[in-house]
Amino acid sequence: MLYNPFFDGLGERSTHQETKDLLLSCVKNDLQSLCFTGSRKMAELITVWAREDARRTSARLANSISAYRTGFLPEERRAIERELKEGTMKGVVSTNALELGIDLGSLDAVLISGFPGTMISVRQQAGRAGRRSTASLAILIAQANPLDQYFMHHPDRFFKRAHENAIVDVANPYIVSGHLLCATSELPLREDGDREFFGDSLDSLLPELVAGNLLRKTPRGFVYTGRGRASEAVSLSSILSETFRIVCSGRLLETLDRAQAYREAHKGAILLHEGETYLVNEMDPETPTIRVTPTDVDYSTQPLKEIHLTVVETLDQRVVAGMRSFFGEVEVTEQYTGYKIKRGDTILGLEPLSLPPLSFRTKAFWFNPQEHSEQKVESAGLDLAAGLHGAEHAIIALMPLHVLCDRWNIGVFSSPAFGEDGGPAVFVYDGYEGGIGLYEKAFEILPDLFETAYHLVRDCGCEKGCPSCIYSPKCGNDNQPLDKNATILLLAEFCGSLL
Ligand SMILES: [Zn+2]
Ligand SMILES: [Zn+2]
């Protein structure tokens, strides 16, 4: 079932509240249900709301609903998995942690709160429901974002859509080193005989992994000596894999990687864990430890960041749709500058942050809009920067239509004065350190990307831009400045030679 809370425009209720209501009706009707959310925070919030509502019916019902996600400690996860199988747990709200690999038996219903980014995920998640010969239910609840709304308005394209092809750059040293850890935990690795599988990066990676006490050289070959299972040491979602420990009065609550920690657990942030609210008192990037205390507040926090980007090497360049377009290696620096304190949509305050910058090298494609496109925007009395920013958001939102990726793992950067000739440039970069090969085909996808982005923004019924077209929930600049008309003009220009 495709369920669109926004079929007649933006209403009062959010996707998450609709999800909570649907989850409650399933649970109350004795359907054992699994609900997938896009973020750890939403999994926590939906659990809190569902429990609160359920408590009005019975405490037992409330206790049969729980959150589940990767940050939980293994014993907490095992307990939830057991209760699900035994049937005492009726509703579990999870990130994609439960999508693969864990045997839960089959459930009656699956709720997917927002398109998870790929058809592969949709099918994995929906497939969690369905006991042998009985009926089952899978519901996709749309968010007010461009991709979700695109599918809600084109259900045929959704149901007929093939799953994506996985793209992995097996030459990325970060990916090879993960493969090495997993491989050596199964069989000793021989430097000569196994070179055909891992390439010449063995020469630099093996000594590094030995020095890091993850591998040991034995007469039979290299073996894995790390603590814990090798597959757990390899992060699938992010390669910036340094781990922060979150500690509350000496007790370890969970772990986060550096990028997550900066985003969700900076000093002053309100952090949710297992439905409880915590205030971050201190983040020490050196140890790396985050200290929190339980708190009871009715506000949330949202970080703001600035992105800096430099081109390390241009690997290829062509003219696409009349614009000079490039593919190459870039160095990205993300600097968190502060955070907003919000109650609902009301901003209560703005606090500065000082965190070390997060720098990494990755792959990107970028293009230089033509001079006459700029002139067109300016002579229409519109703001070029606001148009570029809107185009950036629309492009990033529709990227998953064209390549297998998650919009949270794509970065985008534009500047009105960056191109080689001092003109504007728009960059789209791979959020994985080293790049995993998302944009090797950049030149082929660009024309389609511009065209779908143009149609999306032009056809959106809003007046000045909205979350279904040019607003972005992950904008580090608080969706400022944005101009829908300038965006439409620019995107039309980008498609110029195509339309
Ligand atoms: Zn709109
Ligand atoms: Zn933005």
# chains A, B, ... in the order shown; residues from 1 in each chain; ligands from 1
>>> select_by_dssp(residues="segment 224-413 of chain A", states="strand (DSSP E or B)", output="MDAnalysis selection string")
chainID A and resid 224 243:248 251:257 270:273 276:284 289:294 300:320 323:343 346:352 358:368 410:413
>>> write_last_selection(atoms="C-alpha atoms", output="mmCIF file, in the first residue's frame")
data_model
loop_
_atom_site.group_PDB
_atom_site.id
_atom_site.type_symbol
_atom_site.label_atom_id
_atom_site.label_comp_id
_atom_site.auth_asym_id
_atom_site.auth_seq_id
_atom_site.Cartn_x
_atom_site.Cartn_y
_atom_site.Cartn_z
ATOM 1 C CA TYR A 224 42.659 -11.587 11.640
ATOM 2 C CA THR A 243 34.003 5.295 17.141
ATOM 3 C CA PHE A 244 32.740 7.612 19.889
ATOM 4 C CA ARG A 245 31.478 6.110 23.149
ATOM 5 C CA ILE A 246 28.423 7.699 24.751
ATOM 6 C CA VAL A 247 28.657 7.458 28.514
ATOM 7 C CA CYS A 248 26.043 8.285 31.177
ATOM 8 C CA ARG A 251 27.586 3.407 31.886
ATOM 9 C CA LEU A 252 28.150 2.901 28.155
ATOM 10 C CA LEU A 253 24.914 3.758 26.323
ATOM 11 C CA GLU A 254 25.961 3.291 22.705
ATOM 12 C CA THR A 255 28.583 4.102 20.110
ATOM 13 C CA LEU A 256 28.544 6.501 17.142
ATOM 14 C CA ASP A 257 30.982 7.142 14.314
ATOM 15 C CA ILE A 270 19.549 16.679 22.812
ATOM 16 C CA LEU A 271 20.126 12.986 22.201
ATOM 17 C CA LEU A 272 17.501 10.253 22.266
ATOM 18 C CA HIS A 273 18.346 6.743 23.383
ATOM 19 C CA GLU A 276 14.867 8.533 26.919
ATOM 20 C CA THR A 277 16.131 12.080 26.411
ATOM 21 C CA TYR A 278 19.713 13.017 27.256
ATOM 22 C CA LEU A 279 21.615 16.292 27.221
ATOM 23 C CA VAL A 280 25.190 16.144 25.912
ATOM 24 C CA ASN A 281 27.395 17.800 28.550
ATOM 25 C CA GLU A 282 30.712 17.157 26.947
ATOM 26 C CA MET A 283 32.215 15.796 23.760
ATOM 27 C CA ASP A 284 35.879 14.927 23.883
ATOM 28 C CA THR A 289 34.004 10.077 24.518
ATOM 29 C CA ILE A 290 30.656 11.828 24.848
ATOM 30 C CA ARG A 291 29.247 12.415 28.334
ATOM 31 C CA VAL A 292 25.486 12.804 28.757
ATOM 32 C CA THR A 293 22.960 13.207 31.573
ATOM 33 C CA PRO A 294 19.263 12.292 31.490
ATOM 34 C CA SER A 300 15.295 19.477 20.012
ATOM 35 C CA THR A 301 18.560 20.574 18.439
ATOM 36 C CA GLN A 302 19.693 20.812 14.823
ATOM 37 C CA PRO A 303 23.311 21.392 13.786
ATOM 38 C CA LEU A 304 24.461 23.878 11.148
ATOM 39 C CA LYS A 305 27.535 23.291 9.049
ATOM 40 C CA GLU A 306 29.690 24.898 6.406
ATOM 41 C CA ILE A 307 31.249 22.926 3.602
ATOM 42 C CA HIS A 308 34.556 23.739 1.947
ATOM 43 C CA LEU A 309 35.764 21.891 -1.082
ATOM 44 C CA THR A 310 38.935 21.879 -3.116
ATOM 45 C CA VAL A 311 39.672 19.991 -6.320
ATOM 46 C CA VAL A 312 42.604 17.614 -5.871
ATOM 47 C CA GLU A 313 42.658 16.183 -9.384
ATOM 48 C CA THR A 314 40.438 16.402 -12.450
ATOM 49 C CA LEU A 315 40.159 12.902 -13.905
ATOM 50 C CA ASP A 316 37.871 13.566 -16.851
ATOM 51 C CA GLN A 317 36.050 16.482 -18.439
ATOM 52 C CA ARG A 318 33.438 16.857 -21.132
ATOM 53 C CA VAL A 319 30.791 19.222 -22.346
ATOM 54 C CA VAL A 320 27.341 18.072 -21.206
ATOM 55 C CA MET A 323 28.194 23.087 -19.854
ATOM 56 C CA ARG A 324 31.761 22.193 -18.995
ATOM 57 C CA SER A 325 31.449 19.172 -16.700
ATOM 58 C CA PHE A 326 34.117 17.431 -14.690
ATOM 59 C CA PHE A 327 34.756 14.273 -12.724
ATOM 60 C CA GLY A 328 37.587 13.953 -10.256
ATOM 61 C CA GLU A 329 38.962 13.762 -6.770
ATOM 62 C CA VAL A 330 38.119 16.451 -4.217
ATOM 63 C CA GLU A 331 38.894 17.188 -0.617
ATOM 64 C CA VAL A 332 35.828 18.051 1.433
ATOM 65 C CA THR A 333 35.906 19.759 4.805
ATOM 66 C CA GLU A 334 32.734 19.915 6.828
ATOM 67 C CA GLN A 335 32.805 22.403 9.663
ATOM 68 C CA TYR A 336 29.982 22.441 12.191
ATOM 69 C CA THR A 337 29.479 26.048 13.179
ATOM 70 C CA GLY A 338 26.567 25.974 15.578
ATOM 71 C CA TYR A 339 23.181 24.504 16.297
ATOM 72 C CA LYS A 340 19.585 25.625 16.490
ATOM 73 C CA ILE A 341 17.355 24.959 19.453
ATOM 74 C CA LYS A 342 13.823 24.238 18.240
ATOM 75 C CA ARG A 343 10.425 23.484 19.692
ATOM 76 C CA THR A 346 9.830 27.444 16.285
ATOM 77 C CA ILE A 347 13.441 28.451 16.720
ATOM 78 C CA LEU A 348 14.203 29.232 20.353
ATOM 79 C CA GLY A 349 17.862 30.026 19.997
ATOM 80 C CA LEU A 350 21.124 29.626 18.181
ATOM 81 C CA GLU A 351 24.324 28.449 19.861
ATOM 82 C CA PRO A 352 27.845 28.398 18.435
ATOM 83 C CA LEU A 358 35.880 16.805 9.403
ATOM 84 C CA SER A 359 38.028 16.366 6.288
ATOM 85 C CA PHE A 360 38.050 13.597 3.761
ATOM 86 C CA ARG A 361 38.954 12.894 0.165
ATOM 87 C CA THR A 362 36.307 11.573 -2.154
ATOM 88 C CA LYS A 363 35.105 11.585 -5.750
ATOM 89 C CA ALA A 364 32.809 14.234 -7.190
ATOM 90 C CA PHE A 365 31.348 15.569 -10.367
ATOM 91 C CA TRP A 366 30.851 19.231 -11.002
ATOM 92 C CA PHE A 367 29.751 21.543 -13.730
ATOM 93 C CA ASN A 368 29.996 25.225 -14.619
ATOM 94 C CA ILE A 410 25.662 12.464 -1.033
ATOM 95 C CA GLY A 411 27.095 15.871 -0.458
ATOM 96 C CA VAL A 412 26.572 18.943 -2.519
ATOM 97 C CA PHE A 413 28.345 22.251 -2.674
#
>>> residues_near_ligand(ligand="ligand 2", cutoff="8 Å", atoms="only C-alpha atoms and all ligand atoms", output="list in words")
His389, Gly390, Glu392, His393, Tyr471, Ser472, Lys474, Cys475, Gly476, Asn477, Asp478, Asn479 and Gln480 of chain A
>>> write_last_selection(atoms="C-alpha atoms", output="PDB file, in the first residue's frame")
ATOM      1  CA  HIS A 389      21.160  26.512  -3.930  1.00  0.00           C
ATOM      2  CA  GLY A 390      17.657  25.400  -4.992  1.00  0.00           C
ATOM      3  CA  GLU A 392      21.525  21.854  -5.699  1.00  0.00           C
ATOM      4  CA  HIS A 393      18.736  20.601  -3.432  1.00  0.00           C
ATOM      5  CA  TYR A 471      13.708  22.525   0.682  1.00  0.00           C
ATOM      6  CA  SER A 472      16.161  20.008   2.089  1.00  0.00           C
ATOM      7  CA  LYS A 474      19.768  18.119   5.639  1.00  0.00           C
ATOM      8  CA  CYS A 475      20.631  21.624   4.484  1.00  0.00           C
ATOM      9  CA  GLY A 476      23.493  22.796   6.679  1.00  0.00           C
ATOM     10  CA  ASN A 477      22.519  26.352   5.878  1.00  0.00           C
ATOM     11  CA  ASP A 478      18.964  26.210   7.192  1.00  0.00           C
ATOM     12  CA  ASN A 479      17.465  26.404   3.668  1.00  0.00           C
ATOM     13  CA  GLN A 480      18.766  29.938   3.145  1.00  0.00           C
TER      14      GLN A 480
END
>>> closest_residue(among="A:Pro473, A:Pro481, A:Gly250, A:Gly461", to="ligand 1", atoms="only C-alpha atoms and all ligand atoms")
A:Gly461
>>> atom_distance(atom1="atom CA of Asn172 of chain A", atom2="atom CA of Gly434 of chain A")
5.9 Å
>>> residues_near_ligand(ligand="ligand 1", cutoff="6 Å", atoms="only C-alpha atoms and all ligand atoms", output="PyMOL selection string")
chain A and resi 460-462+465-466+468-469
>>> write_last_selection(atoms="N, CA and C atoms", output="compact mmCIF listing (two decimals), in the first residue's frame")
# COMPACT_ATOMS: atom_id res chain seq x y z
N CYS A 460 5.82 21.42 -9.15
CA CYS A 460 5.39 21.42 -7.75
C CYS A 460 4.37 22.54 -7.54
N GLY A 461 3.27 22.22 -6.86
CA GLY A 461 2.17 23.17 -6.72
C GLY A 461 2.44 24.32 -5.75
N CYS A 462 3.55 24.30 -5.07
CA CYS A 462 3.79 25.34 -4.06
C CYS A 462 4.13 26.67 -4.74
N GLY A 465 8.46 27.39 -3.04
CA GLY A 465 9.37 26.30 -2.68
C GLY A 465 8.87 25.63 -1.42
N CYS A 466 9.03 24.30 -1.35
CA CYS A 466 8.53 23.56 -0.21
C CYS A 466 9.37 22.29 -0.06
N SER A 468 8.67 19.37 -0.74
CA SER A 468 8.51 18.43 -1.85
C SER A 468 9.33 18.82 -3.06
N CYS A 469 9.89 20.03 -3.07
CA CYS A 469 10.73 20.39 -4.23
C CYS A 469 12.11 20.86 -3.79
>>> residues_around(residues="Pro416 of chain A", least_positions_apart="4", cutoff="7 Å", atoms="only C-alpha atoms", output="ChimeraX atom specification")
/A:385,423-425
>>> closest_residue(among="A:Phe198, A:Tyr429, A:Tyr150, A:Tyr3", to="Ser113 of chain A", atoms="only C-alpha atoms")
A:Tyr3
>>> closest_residue(among="A:Gly496, A:Pro369, A:Gly435, A:Pro356", to="Glu451 of chain A", atoms="only C-alpha atoms")
A:Gly496
>>> residues_around(residues="Ala135 of chain A", least_positions_apart="4", cutoff="9 Å", atoms="only C-alpha atoms", output="JSON, numbers by chain")
{"A": [108, 130, 131]}
>>> atom_distance(atom1="atom CA of Asn63 of chain A", atom2="atom CA of Arg51 of chain A")
7.2 Å
>>> select_by_dssp(residues="segment 162-249 of chain A", states="helix (DSSP H, G or I)", output="PyMOL selection string")
chain A and resi 173-184+195-211+230-233
>>> closest_residue(among="A:Ala321, A:Leu147, A:Leu137, A:Leu401", to="His163 of chain A", atoms="only C-alpha atoms")
A:Leu401
>>> closest_residue(among="A:Asp459, A:Ser379, A:Gly322, A:Arg13", to="His153 of chain A", atoms="only C-alpha atoms")
A:Asp459
>>> residues_around(residues="Pro219 of chain A", least_positions_apart="6", cutoff="12 Å", atoms="only C-alpha atoms", output="list in words")
Pro188, Leu189, Arg190 and Glu191 of chain A
>>> write_last_selection(atoms="N, CA and C atoms", output="PDB file, in the first residue's frame")
ATOM      1  N   PRO A 188      43.551 -17.839   6.188  1.00  0.00           N
ATOM      2  CA  PRO A 188      44.795 -17.053   6.155  1.00  0.00           C
ATOM      3  C   PRO A 188      45.027 -16.510   4.748  1.00  0.00           C
ATOM      4  N   LEU A 189      45.498 -15.272   4.675  1.00  0.00           N
ATOM      5  CA  LEU A 189      45.680 -14.631   3.382  1.00  0.00           C
ATOM      6  C   LEU A 189      47.141 -14.730   2.949  1.00  0.00           C
ATOM      7  N   ARG A 190      47.363 -15.195   1.717  1.00  0.00           N
ATOM      8  CA  ARG A 190      48.725 -15.342   1.222  1.00  0.00           C
ATOM      9  C   ARG A 190      49.055 -14.176   0.299  1.00  0.00           C
ATOM     10  N   GLU A 191      50.155 -13.524   0.627  1.00  0.00           N
ATOM     11  CA  GLU A 191      50.513 -12.303  -0.084  1.00  0.00           C
ATOM     12  C   GLU A 191      50.679 -12.535  -1.593  1.00  0.00           C
TER      13      GLU A 191
END
>>> closest_residue(among="A:Thr184, A:Ser106, A:Ser25, A:Ser249", to="Arg220 of chain A", atoms="only C-alpha atoms")
A:Thr184
>>> residues_around(residues="Thr487 of chain A", least_positions_apart="6", cutoff="8 Å", atoms="only C-alpha atoms", output="compact mmCIF listing (two decimals) with N, CA and C atoms, in the first residue's frame")
# COMPACT_ATOMS: atom_id res chain seq x y z
N ALA A 386 20.68 31.99 -4.70
CA ALA A 386 19.48 31.31 -4.22
C ALA A 386 18.97 30.30 -5.25
N GLY A 387 19.19 30.60 -6.52
CA GLY A 387 18.81 29.67 -7.58
C GLY A 387 19.71 28.46 -7.62
N LEU A 388 21.03 28.69 -7.49
CA LEU A 388 21.99 27.60 -7.48
C LEU A 388 21.72 26.66 -6.29
N HIS A 389 21.43 27.28 -5.15
CA HIS A 389 21.16 26.51 -3.93
C HIS A 389 19.92 25.62 -4.13
N GLY A 390 18.87 26.18 -4.74
CA GLY A 390 17.66 25.40 -4.99
C GLY A 390 17.92 24.26 -5.98
N ALA A 391 18.71 24.55 -7.02
CA ALA A 391 19.03 23.54 -8.02
C ALA A 391 19.82 22.40 -7.35
N VAL A 457 10.59 20.60 -9.96
CA VAL A 457 10.42 21.93 -9.36
C VAL A 457 9.35 22.72 -10.11
